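So the structure is just underneath, and the comments pick up after that.
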Amino acid sequence: MHTHTNTTSAQTKPLKIAFLGPFGTFTEQALWQIAPENAEAVPCTSVPQALDLVRSGQADRAVVPIENSIEGGVNATIDSLSHGSPLVIEAEMVVEVSFELAIKPAADGSIPNIQRIGTHPHAWAQCRKWVAANYPDAVHVPATSTAAAARLIAEDENPGFDAALCAKTSVERYGLRALHSNVADNRGAVTRFVLVAPLGNVPPATGADKTTVQVRLPDNEAGALLSMLEQFAARGVNLSRIESRPAGGPLGSYEFSIDIEGHISEERVAAALIGLHRTCPQVRFIGSYPRVDGQRPTIKTGTKDEDFVNARAWIAGLMNGTNN
């Protein structure tokens, strides 16, 4: 398994990993990027269900989608990680996303009049222009995942739609007939997935890391967002993603899901988090983990670890009279 796991060497049973199923999803593809060969993959019908299996101890880990290069953040994952008993991200994976428009093979080889297409809402968003150009009268029928749509059209006599937009692996697994391959409005679209674990030791820094937090701002406080962002800017910490989400209370209450370039063990990142903890009513740490692209951040002058260490030594010298 090409990632840090908080398991002991005494553990001999296969790692049980929950994922957004059924079998044949892009999430399953992401899972096998990092899972050991003997891992037990446990398909779930939703992201909250997969994460709750980890919370309850029924699964050791979960793999869920968190961000798409076309549609942005996956709200179900962001919200599920932000509420409930804490979980942490241990690793991230990226899967290139393209779809096939598939039908259940007919004995006579006929093709139905395609008026309704079943797929996940994110998949539909990535293909809606293609569908409008090729099947202008077709409408979307939402499914819990692309593979769920594929399985339903393969196994149900009345699935509620005529074709499914799904991955090639789903076409093969469920014995479907692909009418069109490489369906997408934007070539090269990718989805980012994360490996989620119970609370435990944070994976060690690699120099190319990412830290994810959820931050709630004070209600009805002018400049609260600017104050939060200044905690990062003052310490030379760059953000690779920031998204607002309703806090679940009255209108106007928001939280921000944030990806930080760097590891919590780095002085500049830790200092920014300390600043957030001092000034914001709620900060949830959701993990520090290696970046899948291996890209190292550019460290601004004065924000390296040794700069913070030297500054503290200078203050200590002032306190004991050895510095001026």
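Scheme for the structure tokens: letters A, B, ... for chains in order shown; per-chain residue numbers from 1; ligand numbers from 1 in order shown.
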Which residues of segment 194-229 of chain A come within 9 Å of segment 295-311 of chain A, and what is each one's closest atom pair and distance in Å (one decimal), counting only C-alpha atoms, sorted by chain and residue number, as JSON lines?
```
{"residue": "A:Gly207", "atom": "CA", "partner": "A:Arg296", "partner_atom": "CA", "distance": 6.1}
{"residue": "A:Ala208", "atom": "CA", "partner": "A:Arg296", "partner_atom": "CA", "distance": 4.4}
{"residue": "A:Asp209", "atom": "CA", "partner": "A:Arg296", "partner_atom": "CA", "distance": 7.4}
```
For Leu152 of chain A, list every protein, DNA or RNA residue within 12 Å, evaluated using only C-alpha atoms, and leave out those in the same chain fewer than 4 positions away; present the list as a ChimeraX atom specification.
/A:22,102-104,117-119,141-148,156-166,170-171,174-176
Any chance you can output those residues with C-alpha atoms as an mmCIF file, in the first residue's frame?
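Listing of out10.cif after writing:
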```cif
data_model
loop_
_atom_site.group_PDB
_atom_site.id
_atom_site.type_symbol
_atom_site.label_atom_id
_atom_site.label_comp_id
_atom_site.auth_asym_id
_atom_site.auth_seq_id
_atom_site.Cartn_x
_atom_site.Cartn_y
_atom_site.Cartn_z
ATOM 1 C CA PRO A 22 -21.062 -0.283 -6.222
ATOM 2 C CA ALA A 102 -24.083 2.370 -22.429
ATOM 3 C CA ILE A 103 -27.252 0.333 -22.790
ATOM 4 C CA LYS A 104 -28.344 -3.157 -21.852
ATOM 5 C CA ILE A 117 -29.996 8.910 -19.107
ATOM 6 C CA GLY A 118 -29.044 7.702 -15.648
ATOM 7 C CA THR A 119 -25.827 8.816 -13.973
ATOM 8 C CA VAL A 141 -32.088 10.707 -14.098
ATOM 9 C CA PRO A 142 -29.871 11.081 -10.977
ATOM 10 C CA ALA A 143 -28.097 8.019 -9.564
ATOM 11 C CA THR A 144 -25.976 7.620 -6.428
ATOM 12 C CA SER A 145 -22.951 6.835 -8.627
ATOM 13 C CA THR A 146 -22.118 6.146 -12.260
ATOM 14 C CA ALA A 147 -21.674 2.449 -11.474
ATOM 15 C CA ALA A 148 -25.032 2.339 -9.676
ATOM 16 C CA ASP A 156 -33.499 -4.121 -13.437
ATOM 17 C CA GLU A 157 -36.202 -4.700 -16.045
ATOM 18 C CA ASN A 158 -37.516 -1.169 -15.425
ATOM 19 C CA PRO A 159 -34.555 0.984 -14.328
ATOM 20 C CA GLY A 160 -36.289 4.260 -15.149
ATOM 21 C CA PHE A 161 -33.873 5.300 -17.876
ATOM 22 C CA ASP A 162 -32.740 4.118 -21.312
ATOM 23 C CA ALA A 163 -28.960 4.460 -21.048
ATOM 24 C CA ALA A 164 -26.263 5.033 -18.441
ATOM 25 C CA LEU A 165 -23.247 7.333 -18.429
ATOM 26 C CA CYS A 166 -20.573 5.352 -16.625
ATOM 27 C CA SER A 170 -18.669 -0.567 -15.288
ATOM 28 C CA VAL A 171 -19.553 -1.401 -18.901
ATOM 29 C CA TYR A 174 -22.072 -5.376 -15.869
ATOM 30 C CA GLY A 175 -22.014 -6.663 -19.453
ATOM 31 C CA LEU A 176 -23.354 -3.515 -21.081
#
```
Go through segment 176-260 of chain A and flag each residue having an atom no more than 7 Å from segment 65-82 of chain A; for those, report the closest pair of atoms plus their distance in Å to one decimal, using only C-alpha atoms, ordered by chain and rising number, as JSON lines.
```
{"residue": "A:Ala189", "atom": "CA", "partner": "A:Ser69", "partner_atom": "CA", "distance": 5.8}
{"residue": "A:Val190", "atom": "CA", "partner": "A:Ser69", "partner_atom": "CA", "distance": 5.6}
{"residue": "A:Thr191", "atom": "CA", "partner": "A:Asn68", "partner_atom": "CA", "distance": 4.3}
{"residue": "A:Arg192", "atom": "CA", "partner": "A:Glu67", "partner_atom": "CA", "distance": 5.1}
{"residue": "A:Phe193", "atom": "CA", "partner": "A:Pro65", "partner_atom": "CA", "distance": 4.2}
{"residue": "A:Val194", "atom": "CA", "partner": "A:Pro65", "partner_atom": "CA", "distance": 6.4}
{"residue": "A:Gln214", "atom": "CA", "partner": "A:Ser82", "partner_atom": "CA", "distance": 6.4}
```
Here atom CA of Arg173 of chain A and atom CA of Lys13 of chain A stand apart by 27.2 Å
Determine which residues of segment 70-277 of chain A DSSP labels as alpha helix (DSSP H) from the backbone of this structure, then write them out as a VMD selection string.
chain A and resid 75 to 82 121 to 134 146 to 155 168 to 173 224 to 233 267 to 277
Leaving out Val139 of chain A and any residue of its chain fewer than 6 positions from it, which residues lie within 10 Å of it when counting only C-alpha atoms, given as a PyMOL selection string?
chain A and resi 114-118+124+128+131-132+161
Taking 5 positions as the minimum chain separation for residues in the same chain, which residues sit within 8 Å of Met228 of chain A when counting only C-alpha atoms? Answer as a ChimeraX atom specification.
/A:217,276,279-280
May I have the residues within 7 Å of Gly287 of chain A as a PDB file with N, CA and C atoms, in the first residue's frame, using only C-alpha atoms and disregarding those fewer than 3 positions away in the same chain?
```pdb
ATOM      1  N   VAL A  88      -9.569  11.768   9.714  1.00  0.00           N
ATOM      2  CA  VAL A  88      -8.467  12.476   9.078  1.00  0.00           C
ATOM      3  C   VAL A  88      -8.147  11.852   7.721  1.00  0.00           C
ATOM      4  N   ILE A  89      -7.672  12.695   6.823  1.00  0.00           N
ATOM      5  CA  ILE A  89      -7.225  12.246   5.509  1.00  0.00           C
ATOM      6  C   ILE A  89      -5.772  11.794   5.616  1.00  0.00           C
ATOM      7  N   GLU A  90      -5.470  10.621   5.065  1.00  0.00           N
ATOM      8  CA  GLU A  90      -4.112  10.086   5.082  1.00  0.00           C
ATOM      9  C   GLU A  90      -3.418  10.170   3.727  1.00  0.00           C
ATOM     10  N   THR A 211      -2.505  20.154   3.756  1.00  0.00           N
ATOM     11  CA  THR A 211      -3.239  20.095   5.019  1.00  0.00           C
ATOM     12  C   THR A 211      -4.653  20.595   4.781  1.00  0.00           C
ATOM     13  N   THR A 212      -5.633  19.852   5.266  1.00  0.00           N
ATOM     14  CA  THR A 212      -7.037  20.214   5.080  1.00  0.00           C
ATOM     15  C   THR A 212      -7.657  20.570   6.427  1.00  0.00           C
TER      16      THR A 212
END
```
Check the smallest atom-to-atom distance from each of A:Ala149, A:Ala184, A:Ala125, A:Ala247 to Asp219 of chain A using only C-alpha atoms, then report the winner.
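Of the candidates, the smallest distance to Asp219 of chain A is held by A:Ala247.
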Mind checking DSSP for segment 46-153 of chain A and telling me the strand (DSSP E or B) residues as an MDAnalysis selection string?
chainID A and resid 61:68 72:73 87:96 99:103 116:119 139:142
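Among the candidates A:Ala270, A:Ala41, A:Leu225, A:Leu101, the one nearest to Tyr254 of chain A when counting only C-alpha atoms is A:Leu225.
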Computed gap from atom CA of Gln282 of chain A to atom CA of Gly248 of chain A is 13.5 Å
Here is a test: counting only C-alpha atoms, which residue of A:Lys168, A:Arg312, A:His180, A:Arg284 is nearest to Gly84 of chain A?
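Looking only at the distances to Gly84 of chain A, the closest residue turns out to be A:Arg284.
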Interatomic distance, atom CA of Arg291 of chain A to atom CA of Ala35 of chain A (Å, one decimal)
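These atoms are spaced 16.9 Å apart.
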Which residues are close to Asn323 of chain A, i.e. within 8 Å by only C-alpha atoms, leaving aside same-chain residues fewer than 5 positions away? Reply as a PyMOL selection string.
chain A and resi 314+317-318
Keeping C-alpha atoms for every residue in the selection just given, could you write it to a file as an mmCIF file, in the first residue's frame?
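The result, written out as part.cif:
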```
data_model
loop_
_atom_site.group_PDB
_atom_site.id
_atom_site.type_symbol
_atom_site.label_atom_id
_atom_site.label_comp_id
_atom_site.auth_asym_id
_atom_site.auth_seq_id
_atom_site.Cartn_x
_atom_site.Cartn_y
_atom_site.Cartn_z
ATOM 1 C CA TRP A 314 15.951 36.071 19.590
ATOM 2 C CA GLY A 317 17.563 36.232 24.337
ATOM 3 C CA LEU A 318 15.681 39.452 24.906
#
```
Selected residue of minimal separation from Gly236 of chain A among A:Arg268, A:Lys129, A:Arg216, A:His277, counting only C-alpha atoms
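Answer, going by the shortest atom-to-atom distance: A:Arg268.
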